[in-house]
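Novice: Contents of structure24.txt (compact mmCIF, C-alpha atoms and all ligand atoms):
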```txt
# COMPACT_ATOMS: atom_id res chain seq x y z
CA PRO U 1499 0.00 0.00 0.00
CA TYR U 1500 0.92 3.67 -0.38
CA ASP U 1501 1.49 5.94 2.59
CA VAL U 1502 -0.02 8.88 0.72
CA LEU U 1503 -2.13 8.54 -2.40
CA VAL U 1504 -2.99 11.83 -4.09
CA ILE U 1505 -6.03 11.97 -6.38
CA GLY U 1506 -5.63 14.75 -8.93
CA GLY U 1507 -2.63 16.17 -10.76
CA GLY U 1508 -3.33 19.90 -10.78
CA PRO U 1509 -1.32 22.41 -8.73
CA ALA U 1510 -2.86 21.15 -5.46
CA GLY U 1511 -2.13 17.48 -6.21
CA ALA U 1512 1.39 18.16 -7.50
CA ALA U 1513 2.28 20.25 -4.42
CA ALA U 1514 0.83 17.58 -2.11
CA ALA U 1515 2.84 14.81 -3.81
CA ILE U 1516 6.11 16.76 -3.63
CA TYR U 1517 5.63 17.59 0.04
CA ALA U 1518 4.74 13.96 0.83
CA ALA U 1519 7.62 12.46 -1.18
CA ARG U 1520 10.09 14.77 0.56
CA LYS U 1521 9.20 12.97 3.81
CA GLY U 1522 10.54 9.75 2.30
CA ILE U 1523 7.17 8.00 2.35
CA ARG U 1524 5.53 5.96 -0.43
CA THR U 1525 3.63 8.44 -2.55
CA GLY U 1526 1.45 8.04 -5.61
CA ILE U 1527 -0.63 10.33 -7.82
CA VAL U 1528 -3.69 9.20 -9.73
CA ALA U 1529 -4.82 11.82 -12.25
CA GLU U 1530 -7.15 11.86 -15.18
CA ARG U 1531 -5.10 14.63 -16.81
CA PHE U 1532 -1.88 15.92 -15.28
CA GLY U 1533 -1.90 19.71 -14.96
CA GLY U 1534 -5.64 20.15 -14.46
CA GLN U 1535 -7.12 23.53 -15.25
CA VAL U 1536 -3.66 25.05 -15.68
CA MET U 1537 -3.40 23.08 -18.92
CA ASP U 1538 -6.29 25.22 -20.28
CA THR U 1539 -4.76 28.52 -19.24
CA VAL U 1540 -2.81 30.79 -21.55
CA GLY U 1541 -1.12 33.69 -19.75
CA ILE U 1542 -0.53 33.49 -16.02
CA GLU U 1543 0.61 36.73 -14.35
CA ASN U 1544 -0.10 36.00 -10.68
CA PHE U 1545 2.12 33.00 -10.03
CA ILE U 1546 4.16 34.84 -7.43
CA SER U 1547 7.88 35.26 -8.25
CA VAL U 1548 7.23 34.40 -11.91
CA PRO U 1549 5.90 37.59 -13.54
CA TYR U 1550 4.67 35.79 -16.64
CA THR U 1551 4.26 32.17 -17.65
CA GLU U 1552 1.85 30.07 -19.67
CA GLY U 1553 -0.26 27.11 -18.56
CA PRO U 1554 1.47 24.30 -20.48
CA LYS U 1555 4.90 25.63 -19.44
CA LEU U 1556 3.93 25.73 -15.76
CA VAL U 1557 2.52 22.20 -16.09
CA ALA U 1558 5.78 20.96 -17.64
CA ASN U 1559 7.68 22.49 -14.70
CA LEU U 1560 5.27 20.90 -12.23
CA GLU U 1561 5.72 17.50 -13.86
CA GLN U 1562 9.50 17.83 -13.83
CA HIS U 1563 9.47 18.80 -10.17
CA VAL U 1564 7.25 15.81 -9.28
CA LYS U 1565 9.50 13.48 -11.28
CA ASP U 1566 12.56 14.65 -9.32
CA TYR U 1567 11.12 12.55 -6.47
CA GLU U 1568 10.07 8.94 -6.14
CA VAL U 1569 6.41 9.43 -6.92
CA ASP U 1570 4.31 6.84 -8.80
CA LEU U 1571 2.57 8.97 -11.40
CA MET U 1572 -0.53 7.23 -12.78
CA THR U 1573 -2.13 9.49 -15.38
CA GLU U 1574 -5.19 8.90 -17.53
CA GLN U 1575 -6.72 7.09 -14.57
CA LYS U 1576 -10.03 8.13 -13.10
CA ALA U 1577 -10.97 7.52 -9.47
CA ALA U 1578 -14.44 6.02 -9.11
CA LYS U 1579 -14.92 5.10 -5.43
CA LEU U 1580 -13.29 5.60 -2.05
CA THR U 1581 -13.80 3.28 0.92
CA SER U 1582 -12.22 3.74 4.35
CA GLY U 1583 -11.05 0.94 6.62
CA ASP U 1584 -7.70 -0.26 7.98
CA PHE U 1585 -6.41 0.95 4.66
CA ILE U 1586 -8.22 3.39 2.42
CA GLU U 1587 -9.24 1.74 -0.84
CA LEU U 1588 -9.50 3.64 -4.07
CA GLU U 1589 -11.31 1.99 -6.91
CA LEU U 1590 -10.43 3.22 -10.40
CA GLU U 1591 -12.81 3.39 -13.32
CA ASN U 1592 -10.76 0.71 -15.08
CA GLY U 1593 -11.62 -1.71 -12.25
CA ALA U 1594 -8.24 -1.70 -10.46
CA THR U 1595 -8.04 -0.96 -6.72
CA LEU U 1596 -5.23 0.94 -4.98
CA THR U 1597 -4.74 0.97 -1.22
CA SER U 1598 -3.13 3.60 0.93
CA ARG U 1599 -2.78 4.60 4.57
CA SER U 1600 -3.86 8.15 3.73
CA VAL U 1601 -5.43 9.89 0.76
CA ILE U 1602 -5.38 13.50 -0.45
CA LEU U 1603 -8.32 14.46 -2.65
CA ALA U 1604 -7.35 17.18 -5.13
CA THR U 1605 -9.72 16.62 -8.06
CA GLY U 1606 -10.31 20.32 -8.68
CA ALA U 1607 -13.30 21.98 -10.29
CA ARG U 1608 -14.56 23.30 -13.59
CA TRP U 1609 -16.33 26.54 -14.53
CA ARG U 1610 -19.93 26.20 -15.63
CA GLU U 1611 -20.12 27.30 -19.26
CA MET U 1612 -22.87 29.22 -21.08
CA ASN U 1613 -22.98 26.74 -23.96
CA VAL U 1614 -23.64 29.39 -26.59
CA PRO U 1615 -22.08 29.79 -30.04
CA GLY U 1616 -18.69 31.51 -29.92
CA GLU U 1617 -17.91 30.65 -26.29
CA GLN U 1618 -15.42 27.88 -27.07
CA GLU U 1619 -13.99 29.62 -30.14
CA TYR U 1620 -13.17 32.78 -28.16
CA ARG U 1621 -12.12 31.15 -24.89
CA GLY U 1622 -8.92 32.94 -23.87
CA LYS U 1623 -9.57 35.50 -26.66
CA GLY U 1624 -12.00 37.58 -24.66
CA VAL U 1625 -14.08 34.88 -23.00
CA ALA U 1626 -12.72 34.53 -19.46
CA TYR U 1627 -13.75 32.83 -16.24
CA CYS U 1628 -11.43 34.32 -13.62
CA PRO U 1629 -11.50 38.07 -12.89
CA HIS U 1630 -8.49 37.86 -10.53
CA CYS U 1631 -6.51 36.27 -13.36
CA ASP U 1632 -7.64 38.06 -16.48
CA GLY U 1633 -9.14 41.36 -15.27
CA PRO U 1634 -5.99 43.43 -15.93
CA LEU U 1635 -5.95 42.28 -19.59
CA PHE U 1636 -9.03 44.43 -20.16
CA LYS U 1637 -7.71 47.63 -18.62
CA GLY U 1638 -9.55 50.62 -20.11
CA LYS U 1639 -11.93 48.42 -22.16
CA ARG U 1640 -15.61 47.54 -21.93
CA VAL U 1641 -16.51 44.13 -20.54
CA ALA U 1642 -19.58 42.08 -19.64
CA VAL U 1643 -20.11 39.81 -16.64
CA ILE U 1644 -22.55 36.95 -17.09
CA GLY U 1645 -24.36 36.07 -13.85
CA GLY U 1646 -25.78 38.16 -11.02
CA GLY U 1647 -24.93 35.90 -8.09
CA ASN U 1648 -22.24 36.72 -5.52
CA SER U 1649 -19.37 35.79 -7.82
CA GLY U 1650 -20.83 37.81 -10.73
CA ILE U 1651 -21.42 40.96 -8.69
CA GLU U 1652 -18.05 40.61 -6.92
CA ALA U 1653 -16.45 40.31 -10.36
CA ALA U 1654 -18.28 43.43 -11.57
CA ILE U 1655 -17.10 45.46 -8.55
CA ASP U 1656 -13.55 44.15 -8.96
CA LEU U 1657 -13.46 44.81 -12.73
CA ALA U 1658 -15.06 48.26 -12.44
CA GLY U 1659 -11.83 49.49 -10.83
CA ILE U 1660 -9.76 48.33 -13.80
CA VAL U 1661 -11.84 48.48 -16.96
CA GLU U 1662 -13.76 51.35 -18.55
CA HIS U 1663 -17.24 49.89 -18.16
CA VAL U 1664 -18.96 46.72 -16.93
CA THR U 1665 -22.35 45.39 -18.05
CA VAL U 1666 -23.78 42.61 -15.86
CA LEU U 1667 -26.29 40.30 -17.51
CA GLU U 1668 -28.54 38.22 -15.26
CA PHE U 1669 -30.93 35.61 -16.65
CA ALA U 1670 -33.53 35.92 -13.86
CA ASP U 1671 -35.59 38.96 -12.92
CA THR U 1672 -33.71 39.37 -9.62
CA LEU U 1673 -30.06 39.25 -8.59
CA ARG U 1674 -29.07 36.49 -6.19
CA ALA U 1675 -26.04 38.37 -4.85
CA ASP U 1676 -25.99 39.62 -1.24
CA GLU U 1677 -27.72 43.00 -0.84
CA VAL U 1678 -24.50 44.71 0.32
CA LEU U 1679 -22.75 43.68 -2.91
CA GLN U 1680 -25.70 44.79 -5.05
CA ARG U 1681 -25.70 48.18 -3.32
CA LYS U 1682 -21.97 48.58 -3.89
CA ALA U 1683 -22.30 47.64 -7.58
CA ARG U 1684 -25.25 50.01 -8.10
CA SER U 1685 -23.23 52.85 -6.56
CA MET U 1686 -20.51 52.47 -9.18
CA LYS U 1687 -20.92 54.84 -12.14
CA ASN U 1688 -19.40 52.48 -14.68
CA VAL U 1689 -21.51 49.40 -13.86
CA ASP U 1690 -24.84 48.64 -15.56
CA ILE U 1691 -27.01 45.70 -14.60
CA ILE U 1692 -29.44 44.13 -17.08
CA LYS U 1693 -31.89 41.56 -15.72
CA ASN U 1694 -34.02 39.06 -17.64
CA ALA U 1695 -31.22 38.77 -20.17
CA GLN U 1696 -30.42 35.45 -21.79
CA THR U 1697 -27.04 35.51 -23.48
CA THR U 1698 -27.35 33.77 -26.83
CA GLU U 1699 -24.07 34.36 -28.62
CA VAL U 1700 -20.48 35.50 -28.23
CA ARG U 1701 -19.58 37.67 -31.20
CA GLY U 1702 -16.03 37.94 -32.48
CA ASP U 1703 -14.02 39.22 -35.43
CA GLY U 1704 -12.23 35.93 -36.03
CA ASN U 1705 -9.43 36.78 -33.58
CA LYS U 1706 -11.07 38.21 -30.51
CA VAL U 1707 -14.38 39.01 -28.86
CA VAL U 1708 -16.18 42.14 -30.06
CA GLY U 1709 -19.47 41.72 -28.22
CA LEU U 1710 -22.35 39.53 -27.23
CA THR U 1711 -25.97 39.10 -28.14
CA TYR U 1712 -28.74 38.50 -25.62
CA THR U 1713 -32.49 38.05 -25.69
CA ASP U 1714 -34.50 40.42 -23.52
CA ARG U 1715 -36.81 37.87 -21.89
CA ASP U 1716 -39.49 40.54 -21.26
CA SER U 1717 -39.88 41.69 -24.84
CA GLY U 1718 -38.33 38.76 -26.70
CA GLU U 1719 -36.11 41.25 -28.53
CA SER U 1720 -32.55 40.37 -29.46
CA LYS U 1721 -29.98 42.98 -28.39
CA ASN U 1722 -26.23 43.52 -28.77
CA VAL U 1723 -23.65 44.74 -26.27
CA ASP U 1724 -20.21 45.69 -27.61
CA VAL U 1725 -17.48 44.45 -25.28
CA ALA U 1726 -13.88 43.24 -25.52
CA GLY U 1727 -14.22 40.77 -22.66
CA ILE U 1728 -16.91 38.45 -21.28
CA PHE U 1729 -16.47 37.08 -17.76
CA VAL U 1730 -18.66 34.01 -17.25
CA GLN U 1731 -19.62 33.77 -13.57
CA ILE U 1732 -22.41 31.22 -13.44
CA GLY U 1733 -20.84 28.73 -11.07
CA LEU U 1734 -17.84 26.57 -10.31
CA ILE U 1735 -18.57 22.85 -10.21
CA PRO U 1736 -16.34 20.78 -7.89
CA ASN U 1737 -15.28 17.41 -9.33
CA THR U 1738 -16.93 15.37 -6.58
CA ASP U 1739 -19.63 13.45 -8.48
CA TRP U 1740 -17.75 10.24 -7.75
CA LEU U 1741 -17.83 10.96 -4.00
CA LYS U 1742 -21.56 11.73 -3.74
CA GLY U 1743 -23.41 9.46 -1.31
CA GLY U 1744 -20.07 8.26 0.08
CA GLU U 1745 -18.32 8.69 3.41
CA VAL U 1746 -16.58 12.00 2.76
CA LYS U 1747 -18.74 14.93 3.84
CA LEU U 1748 -19.53 17.48 1.12
CA SER U 1749 -20.87 21.03 1.52
CA ARG U 1750 -24.21 22.00 -0.02
CA PHE U 1751 -22.26 23.23 -3.05
CA GLY U 1752 -20.64 19.81 -3.44
CA GLU U 1753 -17.22 20.89 -2.17
CA ILE U 1754 -15.30 18.60 0.19
CA GLU U 1755 -15.50 20.04 3.70
CA VAL U 1756 -12.07 20.56 5.21
CA ASP U 1757 -10.68 22.17 8.34
CA ALA U 1758 -7.69 24.52 8.46
CA ARG U 1759 -5.36 21.50 8.18
CA GLY U 1760 -7.13 20.06 5.16
CA ALA U 1761 -8.69 17.18 7.12
CA THR U 1762 -12.04 15.84 5.86
CA SER U 1763 -14.75 14.03 7.85
CA VAL U 1764 -12.93 10.70 7.29
CA PRO U 1765 -9.73 10.01 9.33
CA GLY U 1766 -6.73 9.76 7.01
CA VAL U 1767 -8.52 11.46 4.13
CA PHE U 1768 -7.48 15.04 3.36
CA ALA U 1769 -8.48 17.43 0.58
CA ALA U 1770 -6.96 20.48 -1.08
CA GLY U 1771 -7.44 23.04 -3.83
CA ASP U 1772 -10.52 23.94 -5.83
CA VAL U 1773 -12.39 20.74 -4.88
CA ALA U 1774 -12.38 21.64 -1.19
CA THR U 1775 -14.02 24.36 0.89
CA VAL U 1776 -10.75 26.27 0.62
CA PRO U 1777 -11.54 29.93 -0.02
CA TYR U 1778 -10.35 31.47 -3.34
CA LYS U 1779 -9.70 29.31 -6.37
CA GLN U 1780 -6.20 30.21 -7.51
CA ILE U 1781 -3.01 28.35 -8.42
CA VAL U 1782 -0.90 29.60 -5.49
CA VAL U 1783 -3.78 28.99 -3.09
CA ALA U 1784 -4.22 25.43 -4.43
CA MET U 1785 -0.49 24.76 -4.06
CA GLY U 1786 -0.51 26.09 -0.50
CA SER U 1787 -3.48 23.97 0.50
CA GLY U 1788 -1.96 20.90 -1.20
CA SER U 1789 1.20 21.38 0.87
CA THR U 1790 -0.88 21.80 4.03
CA ALA U 1791 -2.80 18.59 3.28
CA ALA U 1792 0.43 16.63 2.73
CA LEU U 1793 1.98 17.84 5.99
CA SER U 1794 -1.28 16.95 7.78
CA ALA U 1795 -1.26 13.49 6.18
CA PHE U 1796 2.32 12.98 7.40
CA ASP U 1797 1.33 14.12 10.87
CA TYR U 1798 -1.57 11.65 10.78
CA LEU U 1799 0.72 8.79 9.68
CA ILE U 1800 3.26 9.28 12.47
CA ARG U 1801 0.48 9.25 15.06
CA THR U 1802 -1.46 6.29 13.68
CA PRO U 1803 -0.17 2.76 14.27
CA LEU U 1804 0.17 0.49 11.23
CA PRO U 1805 -2.88 -1.74 10.85
P1 LIG S 1 -7.35 21.36 -11.00
O1 LIG S 1 -6.37 22.26 -11.64
O2 LIG S 1 -8.77 21.43 -11.45
O3 LIG S 1 -6.82 19.85 -11.15
C1 LIG S 1 -7.64 18.76 -10.85
C2 LIG S 1 -6.93 17.46 -11.17
O4 LIG S 1 -7.75 16.36 -10.77
C3 LIG S 1 -6.65 17.22 -12.65
O5 LIG S 1 -5.43 16.52 -12.78
C4 LIG S 1 -7.81 16.33 -13.08
O6 LIG S 1 -7.54 15.56 -14.23
C5 LIG S 1 -7.93 15.45 -11.86
N1 LIG S 1 -9.21 14.75 -11.66
C6 LIG S 1 -10.47 15.25 -11.61
N2 LIG S 1 -11.36 14.27 -11.34
C7 LIG S 1 -10.64 13.13 -11.19
C8 LIG S 1 -10.97 11.77 -10.88
N3 LIG S 1 -12.23 11.37 -10.65
N4 LIG S 1 -9.94 10.86 -10.83
C9 LIG S 1 -8.65 11.23 -11.04
N5 LIG S 1 -8.29 12.49 -11.33
C10 LIG S 1 -9.27 13.43 -11.40
N6 LIG S 1 -5.46 30.67 -11.32
C11 LIG S 1 -4.45 31.54 -11.10
O7 LIG S 1 -3.91 31.59 -9.99
N7 LIG S 1 -4.00 32.35 -12.12
C12 LIG S 1 -4.50 32.32 -13.37
O8 LIG S 1 -4.09 33.08 -14.25
C13 LIG S 1 -5.58 31.40 -13.63
N8 LIG S 1 -6.17 31.36 -14.83
C14 LIG S 1 -7.15 30.43 -15.07
C15 LIG S 1 -7.67 30.33 -16.36
C16 LIG S 1 -8.63 29.38 -16.66
C17 LIG S 1 -9.17 29.28 -18.06
C18 LIG S 1 -9.10 28.50 -15.62
C19 LIG S 1 -10.12 27.44 -15.93
C20 LIG S 1 -8.59 28.61 -14.33
C21 LIG S 1 -7.62 29.58 -14.03
N9 LIG S 1 -7.07 29.71 -12.75
C22 LIG S 1 -6.04 30.58 -12.55
C23 LIG S 1 -7.55 28.88 -11.62
C24 LIG S 1 -6.58 27.72 -11.36
O9 LIG S 1 -6.30 27.05 -12.59
C25 LIG S 1 -7.18 26.74 -10.35
O10 LIG S 1 -7.47 27.42 -9.15
C26 LIG S 1 -6.21 25.60 -10.04
O11 LIG S 1 -5.84 24.90 -11.21
C27 LIG S 1 -6.82 24.61 -9.04
O12 LIG S 1 -5.93 23.57 -8.84
P2 LIG S 1 -6.40 22.13 -8.32
O13 LIG S 1 -5.17 21.30 -8.30
O14 LIG S 1 -7.20 22.29 -7.09
O15 LIG S 1 -7.43 21.58 -9.42
```
Do you think you could lay out the structure here as structure tokens?
Ligand code: FAD

Specialist:
Amino acid sequence: PYDVLVIGGGPAGAAAAIYAARKGIRTGIVAERFGGQVMDTVGIENFISVPYTEGPKLVANLEQHVKDYEVDLMTEQKAAKLTSGDFIELELENGATLTSRSVILATGARWREMNVPGEQEYRGKGVAYCPHCDGPLFKGKRVAVIGGGNSGIEAAIDLAGIVEHVTVLEFADTLRADEVLQRKARSMKNVDIIKNAQTTEVRGDGNKVVGLTYTDRDSGESKNVDVAGIFVQIGLIPNTDWLKGGEVKLSRFGEIEVDARGATSVPGVFAAGDVATVPYKQIVVAMGSGSTAALSAFDYLIRTPLP
């Protein structure tokens, strides 16, 4: 059996594996796709101490760093079921079972997409999902935020300080964001909020976004908004479908509940990064929480007698 088995090969999983392996204990990583969301990212400007890098380059560095240690790297493998006991058993989708004394869950999350024409084509060319990451790229330009929940209104307030103008489009006839956020957004001169608006298309010029089209659900009319950027803020879905109904406690949003040390409701099972109730979904945050989870797993191992 492994001492530490990490599920997920994004920044959280890679950091966890490196921290675990440096303790000289048997460490493995099971990942569907090494690199995770970072693989889908173009420019990265907030990876502290590296002013600019690109997703695939950061992933190559992560992989090299992991491979400097004795870590069993099992990629293109999907975890299907986790069962606790003397050893924790992890069943893979291919039918194989791995056992470990401790497990770190780092399966990440994915942004909910609008599923409208142009969204995929202009992803990274104006269509963005992370205001902390991509906001500064639209300095002095007009942008739209899709979604009037807390993350959408927070994004609008954040972006309003950087860009020329923000238009928020909300599908429903009311905003779901906290009242204090709504009040703040309404007080900002360069933020407009349109309700009952169903985004139907991302418009581009072949290279980059030039605007979007929405249907006014009151009148049925189709309308255009000219923008250089579209921030989609309609939810982040944690990759925990395979854990639902199992032993590990999830929050009402489907995130794995962890304490400050990354411990879950199951002894010996830890979680880190975007999949967990760790606040703020960012690369450096995921790496920090992965490291925390690995140190906590090591602490657990030295206090728990071998079965
Ligand atoms: P992920 O990166 O999501 O990795 C999850 C890992 O788990 C993957 O290896 C995946 O294959 C694996 N996995 C999932 N399910 C299973 C399963 N059942 N079995 C086995 N493996 C599984 N953050 C920044 O700090 N700066 C940026 O500039 C930035 N830009 C971004 C741009 C885009 C387009 C996106 C989508 C995100 C961006 N982020 C950025 C956010 C950042 O990428 C995430 O916060 C970070 O990747 C989270 O790391 P993670 O390891 O928790 O999860």

Novice: In Å, rounded to a single decimal, give me how far atom C24 of ligand LIG 1 (chain S) is from CA of Val1746 (chain U).

Specialist: 23.4 Å

Novice: Near region 1549-1554 of chain U, counting only C-alpha atoms, which residues have an atom at most 10 Å away, once you skip same-chain residues fewer than 3 positions from it, shown as a ChimeraX atom specification?

Specialist: /U:1533-1546,1557-1560

Novice: Could you please take those selected residues and save C-alpha atoms as a PDB file, in the frame of the given file?

Specialist:
```pdb
ATOM      1  CA  GLY U1533      -1.900  19.710 -14.960  1.00  0.00           C
ATOM      2  CA  GLY U1534      -5.640  20.150 -14.460  1.00  0.00           C
ATOM      3  CA  GLN U1535      -7.120  23.530 -15.250  1.00  0.00           C
ATOM      4  CA  VAL U1536      -3.660  25.050 -15.680  1.00  0.00           C
ATOM      5  CA  MET U1537      -3.400  23.080 -18.920  1.00  0.00           C
ATOM      6  CA  ASP U1538      -6.290  25.220 -20.280  1.00  0.00           C
ATOM      7  CA  THR U1539      -4.760  28.520 -19.240  1.00  0.00           C
ATOM      8  CA  VAL U1540      -2.810  30.790 -21.550  1.00  0.00           C
ATOM      9  CA  GLY U1541      -1.120  33.690 -19.750  1.00  0.00           C
ATOM     10  CA  ILE U1542      -0.530  33.490 -16.020  1.00  0.00           C
ATOM     11  CA  GLU U1543       0.610  36.730 -14.350  1.00  0.00           C
ATOM     12  CA  ASN U1544      -0.100  36.000 -10.680  1.00  0.00           C
ATOM     13  CA  PHE U1545       2.120  33.000 -10.030  1.00  0.00           C
ATOM     14  CA  ILE U1546       4.160  34.840  -7.430  1.00  0.00           C
ATOM     15  CA  VAL U1557       2.520  22.200 -16.090  1.00  0.00           C
ATOM     16  CA  ALA U1558       5.780  20.960 -17.640  1.00  0.00           C
ATOM     17  CA  ASN U1559       7.680  22.490 -14.700  1.00  0.00           C
ATOM     18  CA  LEU U1560       5.270  20.900 -12.230  1.00  0.00           C
TER      19      LEU U1560
END
```

Novice: Please report the interatomic distance between CA of Ala1513 (chain U) and CA of Asn1648 (chain U) in Å with one decimal.

Specialist: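 Taking CA of Ala1513 (chain U) and CA of Asn1648 (chain U), their separation equals 29.6 Å.
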
Novice: At most 7 Å is the cut-off: for each residue in chain U with any atom that close to an atom of ligand LIG 1 (chain S), write down the nearest atom pair and the distance in Å rounded to one decimal, counting only C-alpha atoms and all ligand atoms, chain first then increasing number, as a Markdown table.

Specialist:
```
| residue | atom | partner | partner_atom | distance |
| --- | --- | --- | --- | --- |
| U:Ile1505 | CA | S:LIG1 | C9 | 5.4 |
| U:Gly1506 | CA | S:LIG1 | O4 | 3.2 |
| U:Gly1507 | CA | S:LIG1 | O5 | 3.5 |
| U:Gly1508 | CA | S:LIG1 | O13 | 3.4 |
| U:Pro1509 | CA | S:LIG1 | O13 | 4.0 |
| U:Ala1510 | CA | S:LIG1 | O13 | 3.7 |
| U:Gly1511 | CA | S:LIG1 | O13 | 5.3 |
| U:Val1528 | CA | S:LIG1 | C9 | 5.5 |
| U:Ala1529 | CA | S:LIG1 | N5 | 3.7 |
| U:Glu1530 | CA | S:LIG1 | O6 | 3.8 |
| U:Arg1531 | CA | S:LIG1 | O6 | 3.7 |
| U:Phe1532 | CA | S:LIG1 | O5 | 4.4 |
| U:Gly1533 | CA | S:LIG1 | O5 | 5.2 |
| U:Gly1534 | CA | S:LIG1 | O3 | 3.5 |
| U:Gln1535 | CA | S:LIG1 | O1 | 3.9 |
| U:Val1536 | CA | S:LIG1 | O9 | 4.5 |
| U:Asp1538 | CA | S:LIG1 | C17 | 5.5 |
| U:Thr1539 | CA | S:LIG1 | C15 | 4.5 |
| U:Gly1541 | CA | S:LIG1 | O8 | 6.3 |
| U:Ile1542 | CA | S:LIG1 | O8 | 4.0 |
| U:Glu1543 | CA | S:LIG1 | O8 | 6.0 |
| U:Asn1544 | CA | S:LIG1 | N7 | 5.5 |
| U:Phe1545 | CA | S:LIG1 | O7 | 6.2 |
| U:Gln1575 | CA | S:LIG1 | C9 | 5.8 |
| U:Lys1576 | CA | S:LIG1 | N4 | 3.6 |
| U:Ala1577 | CA | S:LIG1 | N4 | 3.8 |
| U:Ala1578 | CA | S:LIG1 | N3 | 6.0 |
| U:Ala1604 | CA | S:LIG1 | O14 | 5.5 |
| U:Thr1605 | CA | S:LIG1 | O4 | 3.4 |
| U:Gly1606 | CA | S:LIG1 | O15 | 3.2 |
| U:Ala1607 | CA | S:LIG1 | O2 | 4.7 |
| U:Arg1608 | CA | S:LIG1 | O2 | 6.4 |
| U:Trp1609 | CA | S:LIG1 | C19 | 6.4 |
| U:Gly1622 | CA | S:LIG1 | C17 | 6.9 |
| U:Ala1626 | CA | S:LIG1 | C17 | 6.5 |
| U:Tyr1627 | CA | S:LIG1 | C17 | 6.1 |
| U:Cys1628 | CA | S:LIG1 | C14 | 6.0 |
| U:Cys1631 | CA | S:LIG1 | O8 | 4.1 |
| U:Asp1632 | CA | S:LIG1 | O8 | 6.5 |
| U:Asn1737 | CA | S:LIG1 | N2 | 5.4 |
| U:Trp1740 | CA | S:LIG1 | N3 | 6.3 |
| U:Ala1770 | CA | S:LIG1 | O14 | 6.3 |
| U:Gly1771 | CA | S:LIG1 | O14 | 3.4 |
| U:Asp1772 | CA | S:LIG1 | O14 | 3.9 |
| U:Val1773 | CA | S:LIG1 | O14 | 5.9 |
| U:Lys1779 | CA | S:LIG1 | O10 | 4.0 |
| U:Gln1780 | CA | S:LIG1 | O10 | 3.5 |
| U:Ile1781 | CA | S:LIG1 | O7 | 3.7 |
| U:Val1782 | CA | S:LIG1 | O7 | 5.8 |
| U:Ala1784 | CA | S:LIG1 | O14 | 5.1 |
```

Novice: Write out as a list in words which residues come within 8 Å of Thr1738 (chain U) when counting all atoms listed in the file, dropping same-chain ones fewer than 3 positions away.

Specialist: Thr1605, Leu1741, Lys1742, Gly1752, Glu1753, Ile1754 and Val1773 of chain U

Novice: Can you measure CA of Asp1566 (chain U) to CA of Arg1520 (chain U) for me? One decimal in Å is fine.

Specialist: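 CA of Arg1520 (chain U) lies 10.2 Å from CA of Asp1566 (chain U).
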
Novice: If we count all atoms listed in the file, what is near Asp1501 (chain U) at a cut-off of 12 Å, once residues fewer than 5 positions away on the same chain are taken out, given as a VMD selection string?

Specialist: chain U and resid 1515 1518 to 1519 1521 to 1527 1569 to 1570 1585 to 1586 1596 to 1602 1766 to 1767 1792 1795 to 1800 1802 1804

Novice: With only C-alpha atoms as the basis for distance, which of U:Leu1580, U:Leu1734, U:Asp1724, U:Asp1690 is at the shortest distance from Val1707 (chain U)?

Specialist: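 For Val1707 (chain U), the nearest of the given residues is U:Asp1724.
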